[in-house]
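Dropping start10.cif in here (mmCIF, C-alpha atoms and all ligand atoms):
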data_final
#
loop_
_atom_site.group_PDB
_atom_site.id
_atom_site.type_symbol
_atom_site.label_atom_id
_atom_site.label_comp_id
_atom_site.auth_asym_id
_atom_site.auth_seq_id
_atom_site.Cartn_x
_atom_site.Cartn_y
_atom_site.Cartn_z
ATOM 1 C CA MET A 24 48.346 -53.011 47.371
ATOM 2 C CA LEU A 25 49.760 -49.966 49.143
ATOM 3 C CA GLU A 26 53.434 -49.875 50.123
ATOM 4 C CA LYS A 27 52.887 -48.741 53.694
ATOM 5 C CA VAL A 28 55.222 -47.928 56.538
ATOM 6 C CA ASP A 29 54.719 -49.860 59.751
ATOM 7 C CA ILE A 30 52.611 -47.188 61.454
ATOM 8 C CA GLU A 31 48.911 -47.571 62.066
ATOM 9 C CA ALA A 32 46.912 -45.207 59.821
ATOM 10 C CA PRO A 33 49.713 -42.634 59.359
ATOM 11 C CA PHE A 34 47.619 -40.242 57.266
ATOM 12 C CA ARG A 35 44.509 -38.228 58.024
ATOM 13 C CA VAL A 36 41.806 -38.002 55.364
ATOM 14 C CA THR A 37 42.404 -34.231 55.302
ATOM 15 C CA ASP A 38 45.997 -34.930 54.174
ATOM 16 C CA LEU A 39 44.556 -35.857 50.766
ATOM 17 C CA LYS A 40 43.518 -32.230 50.303
ATOM 18 C CA GLN A 41 46.981 -31.055 51.255
ATOM 19 C CA TRP A 42 48.570 -33.489 48.820
ATOM 20 C CA VAL A 43 46.445 -32.224 45.924
ATOM 21 C CA TYR A 44 47.305 -28.615 46.821
ATOM 22 C CA CYS A 45 51.061 -29.244 47.037
ATOM 23 C CA PRO A 46 52.564 -32.673 47.870
ATOM 24 C CA ARG A 47 55.595 -31.009 49.353
ATOM 25 C CA ILE A 48 53.542 -29.387 52.122
ATOM 26 C CA LEU A 49 52.503 -32.829 53.305
ATOM 27 C CA TYR A 50 56.105 -33.993 53.138
ATOM 28 C CA TYR A 51 57.184 -31.136 55.414
ATOM 29 C CA ALA A 52 54.248 -31.683 57.755
ATOM 30 C CA VAL A 53 55.074 -35.391 58.084
ATOM 31 C CA CYS A 54 58.838 -34.960 58.399
ATOM 32 C CA LEU A 55 58.753 -31.825 60.532
ATOM 33 C CA PRO A 56 55.890 -32.451 62.934
ATOM 34 C CA ASN A 57 54.872 -29.721 65.390
ATOM 35 C CA VAL A 58 56.066 -26.879 63.187
ATOM 36 C CA ARG A 59 52.695 -26.276 61.657
ATOM 37 C CA PRO A 60 50.425 -23.728 63.341
ATOM 38 C CA VAL A 61 46.637 -24.214 63.411
ATOM 39 C CA THR A 62 45.518 -21.530 61.001
ATOM 40 C CA TYR A 63 42.360 -19.490 61.346
ATOM 41 C CA LYS A 64 40.887 -21.265 58.324
ATOM 42 C CA MET A 65 41.350 -24.704 59.926
ATOM 43 C CA GLN A 66 39.787 -23.543 63.221
ATOM 44 C CA ALA A 67 36.911 -21.787 61.431
ATOM 45 C CA GLY A 68 36.167 -24.993 59.546
ATOM 46 C CA VAL A 69 35.942 -27.027 62.761
ATOM 47 C CA GLU A 70 33.638 -24.499 64.440
ATOM 48 C CA ALA A 71 31.386 -24.090 61.399
ATOM 49 C CA GLY A 72 31.072 -27.876 61.207
ATOM 50 C CA ARG A 73 29.945 -28.083 64.843
ATOM 51 C CA ASP A 74 27.385 -25.331 64.311
ATOM 52 C CA GLU A 75 26.101 -27.051 61.181
ATOM 53 C CA GLU A 76 25.612 -30.293 63.042
ATOM 54 C CA GLY A 77 22.935 -28.664 65.229
ATOM 55 C CA LYS A 78 21.128 -27.246 62.202
ATOM 56 C CA GLU A 79 21.410 -30.508 60.303
ATOM 57 C CA ALA A 80 19.789 -32.414 63.164
ATOM 58 C CA ARG A 81 16.733 -30.157 62.812
ATOM 59 C CA ARG A 82 16.671 -30.327 59.022
ATOM 60 C CA GLY A 83 15.328 -33.315 57.176
ATOM 61 C CA LEU A 84 17.132 -35.206 54.460
ATOM 62 C CA ARG A 85 15.584 -33.067 51.685
ATOM 63 C CA ALA A 86 18.920 -31.499 50.743
ATOM 64 C CA TYR A 87 20.098 -34.990 49.769
ATOM 65 C CA GLY A 88 16.975 -35.971 47.841
ATOM 66 C CA LEU A 89 16.208 -38.653 50.430
ATOM 67 C CA GLU A 90 13.023 -39.341 52.325
ATOM 68 C CA GLU A 91 14.433 -41.489 55.043
ATOM 69 C CA GLY A 92 17.675 -42.712 56.462
ATOM 70 C CA GLN A 93 19.435 -42.897 59.770
ATOM 71 C CA ARG A 94 21.940 -40.114 60.451
ATOM 72 C CA LYS A 95 25.007 -40.225 62.655
ATOM 73 C CA PHE A 96 27.284 -37.254 63.240
ATOM 74 C CA ASN A 97 31.054 -37.059 63.701
ATOM 75 C CA VAL A 98 31.796 -40.669 62.900
ATOM 76 C CA SER A 99 35.393 -41.602 63.630
ATOM 77 C CA LEU A 100 36.991 -43.984 61.106
ATOM 78 C CA VAL A 101 40.304 -45.834 60.895
ATOM 79 C CA SER A 102 41.468 -48.088 58.074
ATOM 80 C CA ASP A 103 44.638 -50.072 58.379
ATOM 81 C CA ARG A 104 44.190 -51.239 54.783
ATOM 82 C CA LEU A 105 44.250 -47.665 53.468
ATOM 83 C CA GLY A 106 46.551 -46.336 56.198
ATOM 84 C CA LEU A 107 44.031 -43.585 56.917
ATOM 85 C CA ARG A 108 42.115 -42.121 59.816
ATOM 86 C CA GLY A 109 39.461 -39.445 59.854
ATOM 87 C CA LEU A 110 36.258 -38.005 61.230
ATOM 88 C CA VAL A 111 33.368 -37.720 58.783
ATOM 89 C CA ASP A 112 30.806 -35.001 59.552
ATOM 90 C CA MET A 113 27.717 -37.093 58.921
ATOM 91 C CA VAL A 114 26.822 -40.578 57.732
ATOM 92 C CA ILE A 115 23.447 -41.554 56.297
ATOM 93 C CA TRP A 116 22.671 -45.236 56.692
ATOM 94 C CA LEU A 117 20.166 -46.768 54.252
ATOM 95 C CA GLU A 118 20.408 -50.306 55.538
ATOM 96 C CA ASP A 119 17.360 -51.557 53.640
ATOM 97 C CA LYS A 120 19.036 -50.467 50.388
ATOM 98 C CA GLY A 121 22.423 -51.820 51.451
ATOM 99 C CA GLU A 122 23.880 -48.317 51.178
ATOM 100 C CA VAL A 123 25.941 -46.033 53.351
ATOM 101 C CA ILE A 124 26.491 -42.369 52.407
ATOM 102 C CA PRO A 125 29.216 -40.049 53.745
ATOM 103 C CA VAL A 126 28.439 -36.319 53.998
ATOM 104 C CA ASP A 127 31.226 -33.766 54.359
ATOM 105 C CA TYR A 128 30.409 -30.153 55.325
ATOM 106 C CA LYS A 129 32.505 -27.499 53.627
ATOM 107 C CA LEU A 130 32.874 -23.751 53.890
ATOM 108 C CA SER A 131 33.331 -23.508 50.107
ATOM 109 C CA ASP A 132 30.637 -21.714 48.123
ATOM 110 C CA ARG A 133 31.659 -23.534 44.923
ATOM 111 C CA ILE A 134 29.876 -26.700 46.024
ATOM 112 C CA GLY A 135 26.399 -26.967 44.546
ATOM 113 C CA ALA A 136 27.134 -23.991 42.245
ATOM 114 C CA ALA A 137 27.716 -23.943 38.490
ATOM 115 C CA GLN A 138 31.381 -24.679 39.183
ATOM 116 C CA ILE A 139 31.525 -28.164 40.589
ATOM 117 C CA ALA A 140 33.519 -29.059 43.683
ATOM 118 C CA GLY A 141 37.260 -29.630 43.368
ATOM 119 C CA ILE A 142 38.949 -33.021 43.242
ATOM 120 C CA HIS A 143 40.521 -32.429 46.686
ATOM 121 C CA PHE A 144 37.055 -32.488 48.281
ATOM 122 C CA LYS A 145 35.969 -35.491 46.238
ATOM 123 C CA LEU A 146 39.006 -37.551 47.187
ATOM 124 C CA GLN A 147 38.296 -36.976 50.864
ATOM 125 C CA LEU A 148 34.703 -38.040 50.377
ATOM 126 C CA ALA A 149 35.786 -41.162 48.480
ATOM 127 C CA ALA A 150 38.153 -42.031 51.343
ATOM 128 C CA TYR A 151 35.327 -41.741 53.886
ATOM 129 C CA GLY A 152 33.158 -43.893 51.604
ATOM 130 C CA LEU A 153 35.725 -46.686 51.374
ATOM 131 C CA MET A 154 36.345 -46.614 55.113
ATOM 132 C CA LEU A 155 32.602 -46.818 55.775
ATOM 133 C CA GLU A 156 32.312 -49.791 53.428
ATOM 134 C CA GLU A 157 35.039 -51.510 55.402
ATOM 135 C CA VAL A 158 33.327 -51.098 58.779
ATOM 136 C CA SER A 159 29.718 -51.557 57.676
ATOM 137 C CA GLY A 160 29.809 -54.089 54.838
ATOM 138 C CA LEU A 161 27.394 -51.759 52.990
ATOM 139 C CA ALA A 162 28.101 -50.130 49.619
ATOM 140 C CA ALA A 163 29.169 -46.471 49.400
ATOM 141 C CA ARG A 164 27.974 -45.688 45.894
ATOM 142 C CA ARG A 165 27.864 -41.934 46.422
ATOM 143 C CA GLY A 166 28.582 -39.212 48.909
ATOM 144 C CA PHE A 167 27.532 -35.602 49.412
ATOM 145 C CA LEU A 168 29.543 -32.423 49.800
ATOM 146 C CA TYR A 169 27.416 -29.903 51.688
ATOM 147 C CA SER A 170 28.226 -26.223 51.224
ATOM 148 C CA ILE A 171 27.499 -24.436 54.511
ATOM 149 C CA PRO A 172 27.343 -20.927 52.963
ATOM 150 C CA ARG A 173 25.144 -22.027 50.050
ATOM 151 C CA ARG A 174 23.105 -24.547 52.062
ATOM 152 C CA LYS A 175 23.296 -26.897 49.117
ATOM 153 C CA ALA A 176 24.509 -30.444 48.684
ATOM 154 C CA GLU A 177 26.378 -31.802 45.674
ATOM 155 C CA GLU A 178 26.157 -35.513 45.019
ATOM 156 C CA VAL A 179 29.464 -37.151 44.139
ATOM 157 C CA PRO A 180 29.457 -40.638 42.586
ATOM 158 C CA LEU A 181 32.041 -42.860 44.257
ATOM 159 C CA ASP A 182 32.605 -44.754 41.027
ATOM 160 C CA LYS A 183 35.589 -46.704 39.694
ATOM 161 C CA ARG A 184 37.227 -43.575 38.301
ATOM 162 C CA MET A 185 37.117 -41.854 41.675
ATOM 163 C CA ARG A 186 38.284 -44.984 43.499
ATOM 164 C CA ASP A 187 41.204 -45.420 41.071
ATOM 165 C CA ARG A 188 42.170 -41.788 41.549
ATOM 166 C CA LEU A 189 42.072 -42.240 45.333
ATOM 167 C CA ALA A 190 44.165 -45.423 45.131
ATOM 168 C CA ALA A 191 46.811 -43.673 42.991
ATOM 169 C CA THR A 192 46.936 -40.685 45.352
ATOM 170 C CA LEU A 193 47.255 -42.851 48.457
ATOM 171 C CA ASP A 194 49.936 -44.933 46.767
ATOM 172 C CA ALA A 195 52.003 -41.810 46.059
ATOM 173 C CA MET A 196 51.550 -40.543 49.646
ATOM 174 C CA HIS A 197 52.597 -43.854 51.192
ATOM 175 C CA ARG A 198 55.649 -44.102 48.914
ATOM 176 C CA MET A 199 56.698 -40.614 49.949
ATOM 177 C CA LEU A 200 56.484 -41.596 53.614
ATOM 178 C CA ARG A 201 58.124 -44.969 53.186
ATOM 179 C CA TYR A 202 61.118 -43.731 51.190
ATOM 180 C CA GLU A 203 61.136 -40.182 52.621
ATOM 181 C CA THR A 204 61.409 -38.746 49.133
ATOM 182 C CA MET A 205 60.683 -35.057 48.800
ATOM 183 C CA PRO A 206 58.060 -34.496 46.090
ATOM 184 C CA GLU A 207 58.509 -31.955 43.316
ATOM 185 C CA PRO A 208 57.264 -28.452 44.149
ATOM 186 C CA THR A 209 53.866 -27.412 42.900
ATOM 187 C CA PRO A 210 54.000 -26.100 39.312
ATOM 188 C CA GLN A 211 51.556 -23.373 40.416
ATOM 189 C CA ARG A 212 54.152 -21.108 41.983
ATOM 190 C CA ALA A 213 51.580 -18.485 43.012
ATOM 191 C CA LYS A 214 50.773 -20.879 45.866
ATOM 192 C CA CYS A 215 54.319 -20.491 47.182
ATOM 193 C CA VAL A 216 54.042 -16.764 47.846
ATOM 194 C CA ALA A 217 52.052 -17.102 51.054
ATOM 195 C CA CYS A 218 53.114 -20.670 51.932
ATOM 196 C CA GLU A 219 54.060 -21.278 55.549
ATOM 197 C CA PHE A 220 56.773 -23.715 54.390
ATOM 198 C CA ARG A 221 58.294 -21.332 51.878
ATOM 199 C CA ARG A 222 61.521 -20.953 53.851
ATOM 200 C CA PHE A 223 62.251 -24.674 53.351
ATOM 201 C CA CYS A 224 61.742 -24.564 49.548
ATOM 202 C CA ASN A 225 64.926 -22.923 48.353
ATOM 203 C CA ASP A 226 64.465 -24.268 44.838
ATOM 204 C CA VAL A 227 61.189 -22.550 44.003
ATOM 205 C CA PHE A 228 62.373 -18.924 43.706
HETATM 206 S S1 LIG A 301 56.721 -23.127 48.951
HETATM 207 FE FE1 LIG A 301 55.545 -23.884 47.183
HETATM 208 S S2 LIG A 301 56.511 -25.855 46.635
HETATM 209 FE FE2 LIG A 301 57.183 -25.323 48.725
HETATM 210 S S3 LIG A 301 55.748 -26.366 50.049
HETATM 211 FE FE3 LIG A 301 54.973 -24.264 49.747
HETATM 212 S S4 LIG A 301 53.544 -24.400 48.023
HETATM 213 FE FE4 LIG A 301 54.790 -26.267 48.019
#
Show me this structure written as structure tokens.
Ligand code: SF4
Amino acid sequence: MLEKVDIEAPFRVTDLKQWVYCPRILYYAVCLPNVRPVTYKMQAGVEAGRDEEGKEARRGLRAYGLEEGQRKFNVSLVSDRLGLRGLVDMVIWLEDKGEVIPVDYKLSDRIGAAQIAGIHFKLQLAAYGLMLEEVSGLAARRGFLYSIPRRKAEEVPLDKRMRDRLAATLDAMHRMLRYETMPEPTPQRAKCVACEFRRFCNDVF
């Protein structure tokens, strides 16, 4: 059971990625709202996703190894239980199999390559899967990360290990918000060099 603050869905699914990168960035973003600029990378991701939606509508489901399924794009999700909100790029509904599949488009070229996708992407996908289970009553046994540059999909099992990892991550995020405790800085200090919140982290240099 998550220790949540009394705010409806305080976190976005994309905050999971931020937390994995450096928990302190999320702390600053939550405690100092409106200081964060929309970076080029964020904007580019939104626009590439929109463009991909048009192409995806013309493509079949071959990239996912599926012959049939009903697709819906830009599905908005809110879960009070998880304290999360988000917009998943595409959902494949296989109602006859009792399955629902989230698909997240990414600009990364690591997806579908020899190097498998990072945990930050997988946690987001798992979050979409759990939220879809909640609204549909269907099982989210897997999801897909679709690399826009590589035009390849990587299947990600939404198994117990992934669900436990998501639960632990969400628990830590909600505790941070509830008790307003500043997390430790990232041990990977190279990340701090170009960090937009560097001026607030006097203890890292
Ligand atoms: S400066 Fe480093 S520790 Fe501080 S928020 Fe940025 S990445 Fe995290």
Legend entry - Pick from A:Phe144, A:Phe34, A:Phe223, A:Trp116, whichever lies nearest to ligand LIG 301 (chain A) using all atoms listed in the file: A:Phe223
Legend entry - Top pick for closest residue to ligand LIG 301 (chain A), considering A:Leu107, A:Ile124, A:Cys215, A:Ala86 and counting all atoms listed in the file: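 Between A:Leu107, A:Ile124, A:Cys215, A:Ala86, the residue approaching ligand LIG 301 (chain A) most closely is A:Cys215.
Here the question is which of A:Lys183, A:Arg164, A:His143, A:Lys95 gets nearest to Val36 (chain A) using only C-alpha atoms, and that residue is A:His143.
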Taking all atoms of region 77-91 of chain A that the file lists and extending 5 Å past them on each side, where is the centre of the axis-aligned box and how long are its edges? Answer in Å to one decimal, as AutoDock Vina command-line options.
--center_x 18.0 --center_y -34.4 --center_z 56.5 --size_x 19.9 --size_y 24.2 --size_z 27.4
Legend entry - Counting only C-alpha atoms and all ligand atoms, the residue of A:Val101, A:Ala176, A:Ala163, A:Ala52 that sits nearest ligand LIG 301 (chain A): A:Ala52
As a short mmCIF file (atom, residue, chain, number, x, y, z; two decimals), in the frame of the given file, please: region 95-131 of chain A completed to N, CA and C atoms.
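Writing the result to part.cif gives the following:
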data_model
loop_
_atom_site.label_atom_id
_atom_site.label_comp_id
_atom_site.auth_asym_id
_atom_site.auth_seq_id
_atom_site.Cartn_x
_atom_site.Cartn_y
_atom_site.Cartn_z
N LYS A 95 24.08 -40.26 61.51
CA LYS A 95 25.01 -40.22 62.66
C LYS A 95 26.02 -39.13 62.38
N PHE A 96 26.37 -38.37 63.42
CA PHE A 96 27.28 -37.25 63.24
C PHE A 96 28.66 -37.58 63.81
N ASN A 97 29.67 -36.94 63.21
CA ASN A 97 31.05 -37.06 63.70
C ASN A 97 31.46 -38.51 63.91
N VAL A 98 31.46 -39.24 62.83
CA VAL A 98 31.80 -40.67 62.90
C VAL A 98 33.30 -40.84 62.68
N SER A 99 33.94 -41.40 63.68
CA SER A 99 35.39 -41.60 63.63
C SER A 99 35.71 -42.90 62.87
N LEU A 100 36.67 -42.82 61.95
CA LEU A 100 36.99 -43.98 61.11
C LEU A 100 38.50 -44.21 61.06
N VAL A 101 38.89 -45.47 61.06
CA VAL A 101 40.30 -45.83 60.90
C VAL A 101 40.36 -47.02 59.93
N SER A 102 41.28 -46.95 58.98
CA SER A 102 41.47 -48.09 58.07
C SER A 102 42.94 -48.43 58.01
N ASP A 103 43.25 -49.62 58.47
CA ASP A 103 44.64 -50.07 58.38
C ASP A 103 44.97 -50.40 56.92
N ARG A 104 43.98 -50.88 56.19
CA ARG A 104 44.19 -51.24 54.78
C ARG A 104 44.60 -50.01 53.96
N LEU A 105 43.94 -48.88 54.22
CA LEU A 105 44.25 -47.66 53.47
C LEU A 105 45.31 -46.81 54.17
N GLY A 106 45.60 -47.15 55.44
CA GLY A 106 46.55 -46.34 56.20
C GLY A 106 46.00 -44.94 56.47
N LEU A 107 44.71 -44.87 56.75
CA LEU A 107 44.03 -43.58 56.92
C LEU A 107 43.20 -43.55 58.19
N ARG A 108 43.05 -42.33 58.72
CA ARG A 108 42.12 -42.12 59.82
C ARG A 108 41.38 -40.81 59.55
N GLY A 109 40.19 -40.68 60.11
CA GLY A 109 39.46 -39.44 59.85
C GLY A 109 38.16 -39.40 60.62
N LEU A 110 37.53 -38.24 60.54
CA LEU A 110 36.26 -38.01 61.23
C LEU A 110 35.30 -37.43 60.19
N VAL A 111 34.31 -38.20 59.80
CA VAL A 111 33.37 -37.72 58.78
C VAL A 111 32.21 -37.00 59.47
N ASP A 112 31.80 -35.86 58.89
CA ASP A 112 30.81 -35.00 59.55
C ASP A 112 29.47 -35.71 59.78
N MET A 113 29.01 -36.41 58.77
CA MET A 113 27.72 -37.09 58.92
C MET A 113 27.71 -38.35 58.05
N VAL A 114 27.01 -39.35 58.52
CA VAL A 114 26.82 -40.58 57.73
C VAL A 114 25.33 -40.86 57.67
N ILE A 115 24.85 -41.14 56.46
CA ILE A 115 23.45 -41.55 56.30
C ILE A 115 23.45 -43.06 56.02
N TRP A 116 22.75 -43.78 56.85
CA TRP A 116 22.67 -45.24 56.69
C TRP A 116 21.34 -45.60 56.04
N LEU A 117 21.38 -46.26 54.90
CA LEU A 117 20.17 -46.77 54.25
C LEU A 117 20.29 -48.29 54.24
N GLU A 118 20.12 -48.87 55.40
CA GLU A 118 20.41 -50.31 55.54
C GLU A 118 19.52 -51.16 54.65
N ASP A 119 18.26 -50.74 54.47
CA ASP A 119 17.36 -51.56 53.64
C ASP A 119 17.79 -51.55 52.18
N LYS A 120 18.53 -50.53 51.77
CA LYS A 120 19.04 -50.47 50.39
C LYS A 120 20.49 -50.94 50.30
N GLY A 121 21.03 -51.35 51.43
CA GLY A 121 22.42 -51.82 51.45
C GLY A 121 23.41 -50.72 51.17
N GLU A 122 23.06 -49.47 51.56
CA GLU A 122 23.88 -48.32 51.18
C GLU A 122 24.27 -47.48 52.39
N VAL A 123 25.47 -46.97 52.33
CA VAL A 123 25.94 -46.03 53.35
C VAL A 123 26.49 -44.81 52.61
N ILE A 124 26.17 -43.60 53.14
CA ILE A 124 26.49 -42.37 52.41
C ILE A 124 27.26 -41.40 53.32
N PRO A 125 28.50 -41.07 52.97
CA PRO A 125 29.22 -40.05 53.74
C PRO A 125 28.80 -38.64 53.31
N VAL A 126 28.74 -37.73 54.28
CA VAL A 126 28.44 -36.32 54.00
C VAL A 126 29.53 -35.48 54.65
N ASP A 127 30.14 -34.61 53.86
CA ASP A 127 31.23 -33.77 54.36
C ASP A 127 30.79 -32.32 54.25
N TYR A 128 30.78 -31.57 55.36
CA TYR A 128 30.41 -30.15 55.32
C TYR A 128 31.63 -29.34 54.91
N LYS A 129 31.41 -28.35 54.08
CA LYS A 129 32.51 -27.50 53.63
C LYS A 129 32.12 -26.04 53.70
N LEU A 130 33.12 -25.19 53.89
CA LEU A 130 32.87 -23.75 53.89
C LEU A 130 32.88 -23.18 52.47
N SER A 131 33.23 -23.98 51.49
CA SER A 131 33.33 -23.51 50.11
C SER A 131 31.96 -23.16 49.55
#
